[in-house]
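S.K.: My questions all concern the structure below.
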Amino acid sequence: MKQLRLGVLAGLFAGAGVLSWAGARLWESFGSLPSVPLAAPIVLAAIAAILLATALSLRARLKAQRERRPGAKGVEPMMAARAVVFGQASALVAALVSGVYGGTGVYLLGSLDIPARRDQAIYAGFSVVAGIAVIAAALFLERVCRLPEDSDPSHPTDTGPAHA
């Protein structure tokens with residue numbers, strides 16, 4: 001499984017933001033702009049909390065397993081892999097969604113004197129912050145579930161037969 005790259009996430013965020021900003025300008029020229037839902041930052045924050053709780057739980061279980069504590073519950077490899085896949089998918093979607101709300105929020109900054117638009121810009125800003133929290137929690141979860149290195153890559157092991 002490949003590790004998430006911050007550059008990819010930043011690129012998704014920026015691309016979605018630019019497209020959203022342009023789309024908001026175009027949409028506004030044809031009529032009224034759709035609103036940013038109040039539930040958007042709440043849902044993103046809930047996903048971030050779930051990812052963080054999963055990461056903390058797995059980290060504690062892995063630590064107990066490494067220290068060979070009596071009665072420690074081990075972590076099944078498939079469960080850890082599923083958690084990482086959930087984290088990576090959440091981070092990718094959060095980067096896109098945050099970019100969309102970020103672009104919309106930037107467009108709404110031009111009309112903060114209208115109370116409804118100001119509220120929408122605030123919701124969009126909180127959505128971006130919550131999306132960044134999802135990405136941070138996903139990266140932390142990925143780090144917790146990373147396998148220890150088998151060997152140092154600078155010192156390859158000899159896999160051939162032993163010579164006397």
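Ordering of the structure tokens sets the chain letters (A, B, ...); residue numbers start at 1 within each chain; ligands are numbered from 1 in the order shown.
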Please give the complete set of residues from region 19-145 of chain A that DSSP, run on the backbone, assigns to helix (DSSP H, G or I), formatted as a VMD selection string.
M.R.: chain A and resid 19 to 30 39 to 66 77 to 111 115 to 144
S.K.: Compile the contact shell of region 129-144 of chain A as an NGL selection string: residues with an atom at most 6 Å away, counting only C-alpha atoms, same-chain residues fewer than 6 positions apart removed.
M.R.: :A and (41 or 44-45 or 48 or 51-52 or 55 or 59 or 84 or 87 or 91 or 94 or 98)
S.K.: Restricting the calculation to only C-alpha atoms: of A:Leu19, A:Ile47, A:Val75, A:Leu26, which residue gets closest to Ala60 (chain A)?
M.R.: A:Val75
S.K.: From the options A:Ala24, A:Cys145, A:Ala95, A:Leu9, which residue's atoms come nearest to Leu56 (chain A), counting only C-alpha atoms?
M.R.: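 Going through A:Ala24, A:Cys145, A:Ala95, A:Leu9 one by one, the smallest distance to Leu56 (chain A) is for A:Cys145.
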S.K.: Give me the residues within 12 Å of Pro77 (chain A) as JSON, numbers by chain, counting only C-alpha atoms and dropping any in the same chain fewer than 5 places off.
M.R.: {"A": [58, 62, 82, 83, 84, 145, 146, 147]}
S.K.: With N, CA and C atoms retained, write the just-selected residues as a tab-separated table (two decimals), in the first residue's frame.
M.R.:
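For reference, part-v7.tsv as written:
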chain	number	residue	atom	x	y	z
A	58	LEU	N	-5.55	1.98	18.12
A	58	LEU	CA	-4.58	1.05	17.51
A	58	LEU	C	-3.18	1.28	18.07
A	62	LEU	N	-1.10	-1.64	19.80
A	62	LEU	CA	0.20	-2.04	19.25
A	62	LEU	C	1.32	-1.89	20.27
A	82	ARG	N	-7.46	-2.18	6.81
A	82	ARG	CA	-8.75	-1.53	6.55
A	82	ARG	C	-8.80	-0.13	7.15
A	83	ALA	N	-8.23	0.03	8.32
A	83	ALA	CA	-8.20	1.35	8.96
A	83	ALA	C	-7.38	2.32	8.13
A	84	VAL	N	-6.26	1.87	7.61
A	84	VAL	CA	-5.42	2.74	6.78
A	84	VAL	C	-6.14	3.10	5.48
A	145	CYS	N	-0.05	2.81	11.89
A	145	CYS	CA	-0.17	1.46	11.32
A	145	CYS	C	1.00	1.08	10.42
A	146	ARG	N	1.99	1.94	10.30
A	146	ARG	CA	3.13	1.63	9.46
A	146	ARG	C	3.92	0.47	10.06
A	147	LEU	N	4.35	-0.44	9.21
A	147	LEU	CA	5.14	-1.58	9.65
A	147	LEU	C	6.57	-1.13	9.93
